[in-house]
file data_8.txt (compact mmCIF, C-alpha atoms)
# COMPACT_ATOMS: atom_id res chain seq x y z
CA MET A 2 71.49 164.47 71.85
CA ALA A 3 71.44 167.99 73.28
CA THR A 4 70.23 168.77 76.79
CA LEU A 5 68.51 172.01 77.80
CA LEU A 6 68.25 172.94 81.47
CA HIS A 7 65.15 175.14 81.78
CA ILE A 8 64.48 176.99 85.04
CA ASP A 9 61.45 179.19 85.77
CA SER A 10 61.13 181.21 88.97
CA SER A 11 58.11 183.48 88.51
CA VAL A 12 55.46 183.13 91.21
CA PHE A 13 52.79 183.70 88.56
CA PRO A 14 51.54 180.78 86.43
CA GLY A 15 51.30 180.46 82.66
CA GLY A 16 50.04 183.46 80.75
CA ALA A 17 50.10 185.66 83.85
CA SER A 18 53.91 185.70 83.70
CA VAL A 19 55.82 187.43 80.93
CA SER A 20 59.06 185.65 81.84
CA ARG A 21 57.30 182.28 81.53
CA ALA A 22 55.80 183.25 78.17
CA VAL A 23 59.24 184.17 76.84
CA THR A 24 61.01 181.08 78.21
CA GLU A 25 58.20 178.92 76.77
CA THR A 26 58.78 180.45 73.33
CA PHE A 27 62.51 179.79 73.64
CA ARG A 28 61.95 176.20 74.74
CA LYS A 29 59.39 175.41 72.02
CA THR A 30 61.70 176.78 69.33
CA TRP A 31 64.58 174.79 70.81
CA GLU A 32 62.51 171.58 70.75
CA GLU A 33 61.48 172.22 67.15
CA GLN A 34 65.15 172.49 66.22
CA HIS A 35 66.16 169.58 68.49
CA PRO A 36 63.18 167.16 68.48
CA GLU A 37 65.38 164.46 69.97
CA SER A 38 66.70 166.71 72.74
CA THR A 39 66.32 166.27 76.48
CA VAL A 40 64.83 169.07 78.59
CA ILE A 41 65.45 169.15 82.34
CA TYR A 42 62.77 171.43 83.75
CA ARG A 43 62.66 173.01 87.19
CA ASP A 44 59.82 175.27 88.26
CA LEU A 45 61.25 176.85 91.39
CA SER A 46 57.93 178.39 92.35
CA VAL A 47 56.11 175.06 92.34
CA ALA A 48 58.99 172.96 93.67
CA PRO A 49 61.58 175.17 95.43
CA VAL A 50 65.03 173.76 96.00
CA PRO A 51 66.34 173.81 99.58
CA HIS A 52 67.96 176.99 100.76
CA ILE A 53 71.61 176.42 101.53
CA THR A 54 72.23 175.14 105.04
CA ALA A 55 75.36 174.86 107.14
CA ALA A 56 75.42 171.12 106.48
CA ALA A 57 75.13 171.56 102.71
CA HIS A 58 77.73 174.33 102.69
CA THR A 59 80.36 172.59 104.82
CA ALA A 60 79.85 169.30 102.98
CA GLY A 61 81.06 170.98 99.81
CA PHE A 62 84.50 171.49 101.34
CA ALA A 63 84.80 168.19 103.22
CA ASP A 64 85.92 164.71 102.21
CA PRO A 65 82.73 162.81 101.25
CA ASN A 66 83.97 159.87 103.31
CA ALA A 67 83.92 162.12 106.37
CA HIS A 68 80.40 163.50 105.86
CA THR A 69 78.00 163.25 108.73
CA PRO A 70 74.58 161.78 107.87
CA GLU A 71 73.17 165.32 107.82
CA GLN A 72 75.91 166.53 105.49
CA ALA A 73 75.52 163.52 103.20
CA ALA A 74 71.76 164.06 102.83
CA ALA A 75 72.10 167.79 102.25
CA PHE A 76 74.95 167.44 99.77
CA ALA A 77 73.11 164.75 97.78
CA GLU A 78 70.38 167.29 96.96
CA ARG A 79 72.98 169.91 96.12
CA LEU A 80 74.93 167.48 93.95
CA GLN A 81 71.86 166.70 91.85
CA LEU A 82 71.48 170.38 90.97
CA ILE A 83 75.18 170.72 90.18
CA GLU A 84 75.14 167.67 87.90
CA GLU A 85 72.09 168.98 86.04
CA LEU A 86 74.03 172.16 85.28
CA GLU A 87 77.16 170.26 84.25
CA GLN A 88 75.21 167.93 81.94
CA ALA A 89 73.39 170.74 80.14
CA ASP A 90 74.42 171.86 76.67
CA ALA A 91 72.42 175.06 77.19
CA VAL A 92 70.65 176.74 80.11
CA LEU A 93 67.47 178.85 80.06
CA ILE A 94 66.45 180.87 83.13
CA GLY A 95 63.36 182.96 83.80
CA ALA A 96 64.41 185.66 86.27
CA PRO A 97 61.71 188.24 86.97
CA MET A 98 62.66 191.26 89.08
CA TYR A 99 61.08 191.28 92.54
CA ASN A 100 61.90 194.26 94.77
CA TYR A 101 64.91 195.12 92.60
CA SER A 102 66.40 191.62 92.79
CA ILE A 103 65.82 188.01 91.71
CA PRO A 104 63.28 185.68 93.37
CA SER A 105 64.61 184.04 96.54
CA THR A 106 63.98 180.63 94.98
CA LEU A 107 66.42 181.41 92.17
CA LYS A 108 68.95 182.69 94.69
CA ALA A 109 68.62 179.36 96.52
CA TRP A 110 69.33 177.47 93.28
CA LEU A 111 72.44 179.59 92.69
CA ASP A 112 73.65 179.08 96.25
CA ASN A 113 73.40 175.33 95.72
CA VAL A 114 75.14 175.13 92.33
CA ILE A 115 77.97 177.55 93.09
CA LEU A 116 80.63 175.30 94.58
CA HIS A 117 84.18 176.64 94.74
CA GLY A 118 86.66 174.17 93.35
CA ARG A 119 84.07 172.58 91.09
CA THR A 120 81.57 174.88 89.38
CA SER A 121 83.51 178.03 90.31
CA GLY A 122 87.15 178.77 90.83
CA GLU A 123 90.13 178.15 88.59
CA ASN A 124 88.47 175.69 86.18
CA PRO A 125 84.64 175.85 86.43
CA SER A 126 83.06 172.54 85.42
CA ALA A 127 80.32 174.12 83.26
CA LYS A 128 82.59 176.77 81.72
CA GLY A 129 81.40 178.06 78.35
CA THR A 130 77.90 176.61 78.54
CA PRO A 131 75.50 179.11 76.92
CA VAL A 132 72.89 180.50 79.31
CA THR A 133 69.97 182.69 78.26
CA VAL A 134 68.30 184.70 81.03
CA VAL A 135 64.86 186.25 80.61
CA ALA A 136 65.13 189.19 83.01
CA SER A 137 61.60 190.62 83.03
CA ARG A 138 60.67 193.62 85.13
CA GLY A 139 57.57 195.67 85.94
CA GLY A 140 59.16 199.02 85.08
CA SER A 141 62.17 200.16 83.14
CA TYR A 142 65.71 200.13 84.49
CA ALA A 143 67.43 200.81 81.18
CA PRO A 144 70.42 203.16 80.96
CA GLY A 145 69.28 206.76 81.30
CA THR A 146 66.04 205.97 83.13
CA PRO A 147 65.40 207.26 86.68
CA LYS A 148 65.60 203.73 88.11
CA GLU A 149 68.81 202.70 86.37
CA PRO A 150 70.72 202.70 89.72
CA TYR A 151 68.31 200.05 91.03
CA GLU A 152 69.09 197.50 88.32
CA TYR A 153 70.55 194.69 90.40
CA VAL A 154 69.25 191.67 88.47
CA GLN A 155 71.52 191.81 85.44
CA ASN A 156 74.46 193.02 87.52
CA TYR A 157 74.07 190.21 90.04
CA LEU A 158 73.48 187.47 87.46
CA THR A 159 76.47 188.66 85.44
CA ALA A 160 78.61 188.35 88.57
CA THR A 161 77.36 184.84 89.41
CA LEU A 162 76.62 183.20 86.06
CA ALA A 163 79.34 184.79 83.94
CA ASP A 164 82.10 185.67 86.41
CA MET A 165 81.78 182.85 88.95
CA LEU A 166 80.40 179.97 86.86
CA ALA A 167 82.05 181.15 83.61
CA LEU A 168 78.88 180.53 81.59
CA ASP A 169 78.36 182.20 78.20
CA LEU A 170 75.67 184.67 79.30
CA ASP A 171 72.98 186.35 77.20
CA PHE A 172 69.98 188.40 78.36
CA ILE A 173 66.46 188.96 77.03
CA VAL A 174 64.83 191.88 78.88
CA PRO A 175 61.05 192.45 78.61
CA GLU A 176 60.20 195.65 80.46
CA LEU A 177 57.15 197.52 81.78
CA THR A 178 55.25 194.31 82.50
CA MET A 179 53.12 196.07 85.13
CA ALA A 180 51.74 198.58 82.63
CA PRO A 181 48.61 196.55 81.73
CA HIS A 182 47.79 196.09 85.43
CA ASN A 183 48.58 199.52 86.89
CA PRO A 184 46.26 202.40 85.86
CA ALA A 185 49.05 204.88 86.59
CA MET A 186 51.10 203.20 83.84
CA ALA A 187 48.31 203.03 81.24
CA GLU A 188 50.10 205.31 78.80
CA LEU A 189 53.06 202.90 78.83
CA VAL A 190 51.06 199.89 77.61
CA PRO A 191 52.16 200.35 73.96
CA LEU A 192 55.79 200.42 75.07
CA PHE A 193 55.23 197.27 77.14
CA GLU A 194 53.65 195.50 74.16
CA THR A 195 56.58 196.46 71.97
CA SER A 196 59.05 195.23 74.59
CA ARG A 197 57.15 191.96 75.11
CA ASP A 198 56.85 191.26 71.39
CA ARG A 199 60.53 191.98 70.87
CA ALA A 200 61.41 189.64 73.75
CA LEU A 201 59.28 186.84 72.27
CA GLN A 202 60.93 187.33 68.88
CA ASP A 203 64.38 187.43 70.47
CA ALA A 204 63.62 184.18 72.31
CA ALA A 205 62.68 182.39 69.09
CA THR A 206 65.65 183.83 67.19
CA LYS A 207 68.20 183.08 69.91
CA ALA A 208 66.88 179.56 70.51
CA LYS A 209 67.09 178.72 66.82
CA ALA A 210 70.58 180.19 66.48
CA LEU A 211 71.80 178.36 69.57
CA ALA A 212 70.34 175.05 68.40
CA GLU A 213 72.02 175.46 65.02
CA ARG A 214 75.31 176.37 66.68
CA LEU A 215 75.26 173.27 68.88
CA ALA A 216 74.25 171.07 65.94
CA ALA A 217 77.15 172.42 63.89
CA TYR A 218 79.53 171.80 66.77
CA THR A 219 78.29 168.21 67.08
CA ARG A 220 78.74 167.60 63.36
CA GLU A 221 82.26 169.03 63.50
CA ARG A 222 83.21 166.67 66.34
CA ARG A 223 81.84 163.67 64.43
CA VAL A 224 83.90 164.33 61.31
CA ARG A 225 87.09 165.48 63.04
CA PRO A 226 90.00 163.08 62.37
CA CYS A 227 90.87 160.98 65.38
CA CYS A 228 94.67 161.08 64.78
call {"tool": "encode", "arguments": {"input": "data_8.txt", "output": "structure tokens"}}
result
Amino acid sequence: MATLLHIDSSVFPGGASVSRAVTETFRKTWEEQHPESTVIYRDLSVAPVPHITAAAHTAGFADPNAHTPEQAAAFAERLQLIEELEQADAVLIGAPMYNYSIPSTLKAWLDNVILHGRTSGENPSAKGTPVTVVASRGGSYAPGTPKEPYEYVQNYLTATLADMLALDLDFIVPELTMAPHNPAMAELVPLFETSRDRALQDAATKAKALAERLAAYTRERRVRPCC
């Protein structure tokens, strides 16, 4: 039975959020392909995880038997997030761009799950797990655009998810999401609609392909000779 870890971080609910619409499409397609699958869902806007504290940070490098009560409580919350990542066969993250970066709630989740010597370092515990990030943004930061130098979301998430956690990273990037709401961007609405529709299609296509890939891997393991 496959497990999908699904994380949303947009402050906007439901249809008001493009990143949520795209992650929902991915998840529904995944569930259609894996009706028996388990989905661990975290909505970081509705239920934020704790920001990293000194107790939670130092507990990650200390002998559990030597934890103070404060460290033990803080690390227990952190450990739950780490184990969710480690147990997942695939990860789906909605990461809208706010002020050129990711939401602070998503940064808090990353700060909790990045633990040197376990999830990062020489042998990361979730290494190779496929992660699909829906990196929506109000404008365009594509190569060659005036705001290309301000694209910190994909750069940062590549550094943390791919380089530190060694996850198998893939992006879906719906752009110009502010066009329908900003009169100054009215002429860009058709481009936004094209970008959104492509992102929704990519989500369905990638979810189906990933589900089939994991199913094939499971079948291969079942028929592989034991000796």
call {"tool": "residues_near_point", "arguments": {"input": "data_8.txt", "point": "(66.0, 171.0, 81.5)", "cutoff": "12 Å", "atoms": "only C-alpha atoms", "output": "ChimeraX atom specification"}}
result
/A:3-9,24,28,31-32,38-44,82,84-94,132
call {"tool": "residues_near_point", "arguments": {"input": "data_8.txt", "point": "(83.2, 169.0, 97.5)", "cutoff": "8 Å", "atoms": "all atoms listed in the file", "output": "list of chain:residue names"}}
result
A:Ala60, A:Gly61, A:Phe62, A:Ala63, A:Asp64, A:Pro65, A:Leu116, A:Gly118, A:Arg119
call {"tool": "residues_around", "arguments": {"input": "data_8.txt", "residues": "Ala180 in chain A", "least_positions_apart": "6", "cutoff": "8 Å", "atoms": "only C-alpha atoms", "output": "list in words"}}
result
Gly139, Gly140, Met186, Ala187, Glu188, Leu189, Val190 and Phe193 of chain A
call {"tool": "closest_residue", "arguments": {"input": "data_8.txt", "among": "A:Ala143, A:Val134, A:Leu107, A:Ala216", "to": "Leu170 in chain A", "atoms": "all atoms listed in the file"}}
result
A:Val134
call {"tool": "atom_distance", "arguments": {"input": "data_8.txt", "atom1": "CA of Ser121 in chain A", "atom2": "CA of Met165 in chain A"}}
result
5.3 Å
call {"tool": "closest_residue", "arguments": {"input": "data_8.txt", "among": "A:Val154, A:Leu168, A:Met179, A:Ala163", "to": "Ala127 in chain A", "atoms": "all atoms listed in the file"}}
result
A:Leu168
call {"tool": "atom_distance", "arguments": {"input": "data_8.txt", "atom1": "CA of Leu158 in chain A", "atom2": "CA of His52 in chain A"}}
result
17.8 Å
call {"tool": "atom_distance", "arguments": {"input": "data_8.txt", "atom1": "CA of Asn156 in chain A", "atom2": "CA of Ala204 in chain A"}}
result
20.7 Å
call {"tool": "closest_residue", "arguments": {"input": "data_8.txt", "among": "A:Val12, A:Ala48, A:Val23, A:Ala75", "to": "Asp203 in chain A", "atoms": "all atoms listed in the file"}}
result
A:Val23
call {"tool": "closest_atom_pairs", "arguments": {"input": "data_8.txt", "of": "range 113-179 of chain A", "to": "range 205-213 of chain A", "cutoff": "10 Å", "atoms": "all atoms listed in the file", "output": "tab-separated table"}}
result
residue	atom	partner	partner_atom	distance
A:Pro131	CA	A:Leu211	CA	8.3
A:Thr133	CA	A:Lys207	CA	8.5
A:Asp171	CA	A:Lys207	CA	9.3
A:Ile173	CA	A:Lys207	CA	9.4
call {"tool": "closest_residue", "arguments": {"input": "data_8.txt", "among": "A:Gly145, A:Gly15, A:Pro49, A:Pro97", "to": "Ala109 in chain A", "atoms": "all atoms listed in the file"}}
result
A:Pro49
call {"tool": "closest_residue", "arguments": {"input": "data_8.txt", "among": "A:Val47, A:Glu123, A:Ser20, A:Leu192", "to": "Ala96 in chain A", "atoms": "all atoms listed in the file"}}
result
A:Ser20
call {"tool": "closest_residue", "arguments": {"input": "data_8.txt", "among": "A:Thr120, A:Thr69, A:Thr54, A:Gln155", "to": "Ser102 in chain A", "atoms": "all atoms listed in the file"}}
result
A:Gln155
call {"tool": "build_atoms", "arguments": {"input": "data_8.txt", "residues": "range 14-40 of chain A", "atoms": "N, CA, C and O atoms", "output": "PDB file, in the frame of the given file"}}
result
ATOM      1  N   PRO A  14      51.625 181.912  87.348  1.00  0.00           N
ATOM      2  CA  PRO A  14      51.540 180.780  86.430  1.00  0.00           C
ATOM      3  C   PRO A  14      51.292 181.215  84.985  1.00  0.00           C
ATOM      4  O   PRO A  14      50.788 182.312  84.725  1.00  0.00           O
ATOM      5  N   GLY A  15      51.681 180.345  84.066  1.00  0.00           N
ATOM      6  CA  GLY A  15      51.300 180.460  82.660  1.00  0.00           C
ATOM      7  C   GLY A  15      51.310 181.847  82.079  1.00  0.00           C
ATOM      8  O   GLY A  15      52.283 182.595  82.158  1.00  0.00           O
ATOM      9  N   GLY A  16      50.150 182.206  81.457  1.00  0.00           N
ATOM     10  CA  GLY A  16      50.040 183.460  80.750  1.00  0.00           C
ATOM     11  C   GLY A  16      50.098 184.686  81.635  1.00  0.00           C
ATOM     12  O   GLY A  16      50.208 185.814  81.142  1.00  0.00           O
ATOM     13  N   ALA A  17      50.010 184.517  82.941  1.00  0.00           N
ATOM     14  CA  ALA A  17      50.100 185.660  83.850  1.00  0.00           C
ATOM     15  C   ALA A  17      51.531 186.137  84.042  1.00  0.00           C
ATOM     16  O   ALA A  17      51.763 187.175  84.645  1.00  0.00           O
ATOM     17  N   SER A  18      52.492 185.375  83.528  1.00  0.00           N
ATOM     18  CA  SER A  18      53.910 185.700  83.700  1.00  0.00           C
ATOM     19  C   SER A  18      54.558 185.951  82.346  1.00  0.00           C
ATOM     20  O   SER A  18      54.549 185.082  81.470  1.00  0.00           O
ATOM     21  N   VAL A  19      55.126 187.121  82.175  1.00  0.00           N
ATOM     22  CA  VAL A  19      55.820 187.430  80.930  1.00  0.00           C
ATOM     23  C   VAL A  19      57.098 186.597  80.809  1.00  0.00           C
ATOM     24  O   VAL A  19      57.433 186.099  79.733  1.00  0.00           O
ATOM     25  N   SER A  20      57.816 186.431  81.919  1.00  0.00           N
ATOM     26  CA  SER A  20      59.060 185.650  81.840  1.00  0.00           C
ATOM     27  C   SER A  20      58.761 184.213  81.422  1.00  0.00           C
ATOM     28  O   SER A  20      59.500 183.619  80.622  1.00  0.00           O
ATOM     29  N   ARG A  21      57.665 183.642  81.922  1.00  0.00           N
ATOM     30  CA  ARG A  21      57.300 182.280  81.530  1.00  0.00           C
ATOM     31  C   ARG A  21      56.896 182.211  80.049  1.00  0.00           C
ATOM     32  O   ARG A  21      57.211 181.244  79.359  1.00  0.00           O
ATOM     33  N   ALA A  22      56.189 183.240  79.579  1.00  0.00           N
ATOM     34  CA  ALA A  22      55.800 183.250  78.170  1.00  0.00           C
ATOM     35  C   ALA A  22      57.023 183.286  77.262  1.00  0.00           C
ATOM     36  O   ALA A  22      57.076 182.608  76.231  1.00  0.00           O
ATOM     37  N   VAL A  23      58.030 184.058  77.661  1.00  0.00           N
ATOM     38  CA  VAL A  23      59.240 184.170  76.840  1.00  0.00           C
ATOM     39  C   VAL A  23      60.079 182.898  76.924  1.00  0.00           C
ATOM     40  O   VAL A  23      60.583 182.415  75.902  1.00  0.00           O
ATOM     41  N   THR A  24      60.237 182.325  78.118  1.00  0.00           N
ATOM     42  CA  THR A  24      61.010 181.080  78.210  1.00  0.00           C
ATOM     43  C   THR A  24      60.289 179.945  77.479  1.00  0.00           C
ATOM     44  O   THR A  24      60.932 179.077  76.892  1.00  0.00           O
ATOM     45  N   GLU A  25      58.949 179.963  77.497  1.00  0.00           N
ATOM     46  CA  GLU A  25      58.200 178.920  76.770  1.00  0.00           C
ATOM     47  C   GLU A  25      58.448 179.026  75.264  1.00  0.00           C
ATOM     48  O   GLU A  25      58.615 178.013  74.584  1.00  0.00           O
ATOM     49  N   THR A  26      58.491 180.251  74.753  1.00  0.00           N
ATOM     50  CA  THR A  26      58.780 180.450  73.330  1.00  0.00           C
ATOM     51  C   THR A  26      60.173 179.935  72.994  1.00  0.00           C
ATOM     52  O   THR A  26      60.383 179.261  71.975  1.00  0.00           O
ATOM     53  N   PHE A  27      61.139 180.262  73.844  1.00  0.00           N
ATOM     54  CA  PHE A  27      62.510 179.790  73.640  1.00  0.00           C
ATOM     55  C   PHE A  27      62.530 178.261  73.626  1.00  0.00           C
ATOM     56  O   PHE A  27      63.099 177.639  72.711  1.00  0.00           O
ATOM     57  N   ARG A  28      61.914 177.664  74.619  1.00  0.00           N
ATOM     58  CA  ARG A  28      61.950 176.200  74.740  1.00  0.00           C
ATOM     59  C   ARG A  28      61.258 175.518  73.560  1.00  0.00           C
ATOM     60  O   ARG A  28      61.781 174.529  73.024  1.00  0.00           O
ATOM     61  N   LYS A  29      60.105 176.026  73.140  1.00  0.00           N
ATOM     62  CA  LYS A  29      59.390 175.410  72.020  1.00  0.00           C
ATOM     63  C   LYS A  29      60.214 175.489  70.735  1.00  0.00           C
ATOM     64  O   LYS A  29      60.266 174.524  69.965  1.00  0.00           O
ATOM     65  N   THR A  30      60.851 176.638  70.522  1.00  0.00           N
ATOM     66  CA  THR A  30      61.700 176.780  69.330  1.00  0.00           C
ATOM     67  C   THR A  30      62.887 175.822  69.418  1.00  0.00           C
ATOM     68  O   THR A  30      63.267 175.182  68.430  1.00  0.00           O
ATOM     69  N   TRP A  31      63.474 175.721  70.592  1.00  0.00           N
ATOM     70  CA  TRP A  31      64.580 174.790  70.810  1.00  0.00           C
ATOM     71  C   TRP A  31      64.148 173.363  70.481  1.00  0.00           C
ATOM     72  O   TRP A  31      64.857 172.633  69.784  1.00  0.00           O
ATOM     73  N   GLU A  32      62.990 172.947  70.965  1.00  0.00           N
ATOM     74  CA  GLU A  32      62.510 171.580  70.750  1.00  0.00           C
ATOM     75  C   GLU A  32      62.177 171.336  69.284  1.00  0.00           C
ATOM     76  O   GLU A  32      62.335 170.213  68.788  1.00  0.00           O
ATOM     77  N   GLU A  33      61.727 172.365  68.588  1.00  0.00           N
ATOM     78  CA  GLU A  33      61.480 172.220  67.150  1.00  0.00           C
ATOM     79  C   GLU A  33      62.782 171.979  66.410  1.00  0.00           C
ATOM     80  O   GLU A  33      62.825 171.204  65.444  1.00  0.00           O
ATOM     81  N   GLN A  34      63.835 172.643  66.845  1.00  0.00           N
ATOM     82  CA  GLN A  34      65.150 172.490  66.220  1.00  0.00           C
ATOM     83  C   GLN A  34      65.844 171.206  66.672  1.00  0.00           C
ATOM     84  O   GLN A  34      66.637 170.628  65.936  1.00  0.00           O
ATOM     85  N   HIS A  35      65.543 170.772  67.894  1.00  0.00           N
ATOM     86  CA  HIS A  35      66.160 169.580  68.490  1.00  0.00           C
ATOM     87  C   HIS A  35      65.053 168.632  68.968  1.00  0.00           C
ATOM     88  O   HIS A  35      64.864 168.442  70.173  1.00  0.00           O
ATOM     89  N   PRO A  36      64.300 168.027  68.044  1.00  0.00           N
ATOM     90  CA  PRO A  36      63.180 167.160  68.480  1.00  0.00           C
ATOM     91  C   PRO A  36      63.622 165.969  69.318  1.00  0.00           C
ATOM     92  O   PRO A  36      62.827 165.407  70.075  1.00  0.00           O
ATOM     93  N   GLU A  37      64.885 165.603  69.208  1.00  0.00           N
ATOM     94  CA  GLU A  37      65.380 164.460  69.970  1.00  0.00           C
ATOM     95  C   GLU A  37      66.042 164.900  71.274  1.00  0.00           C
ATOM     96  O   GLU A  37      66.591 164.067  72.017  1.00  0.00           O
ATOM     97  N   SER A  38      65.973 166.190  71.587  1.00  0.00           N
ATOM     98  CA  SER A  38      66.700 166.710  72.740  1.00  0.00           C
ATOM     99  C   SER A  38      66.033 166.325  74.063  1.00  0.00           C
ATOM    100  O   SER A  38      64.871 165.937  74.121  1.00  0.00           O
ATOM    101  N   THR A  39      66.808 166.475  75.122  1.00  0.00           N
ATOM    102  CA  THR A  39      66.320 166.270  76.480  1.00  0.00           C
ATOM    103  C   THR A  39      66.162 167.629  77.150  1.00  0.00           C
ATOM    104  O   THR A  39      67.039 168.487  77.016  1.00  0.00           O
ATOM    105  N   VAL A  40      65.046 167.834  77.844  1.00  0.00           N
ATOM    106  CA  VAL A  40      64.830 169.070  78.590  1.00  0.00           C
ATOM    107  C   VAL A  40      64.691 168.720  80.068  1.00  0.00           C
ATOM    108  O   VAL A  40      63.827 167.921  80.449  1.00  0.00           O
TER     109      VAL A  40
END
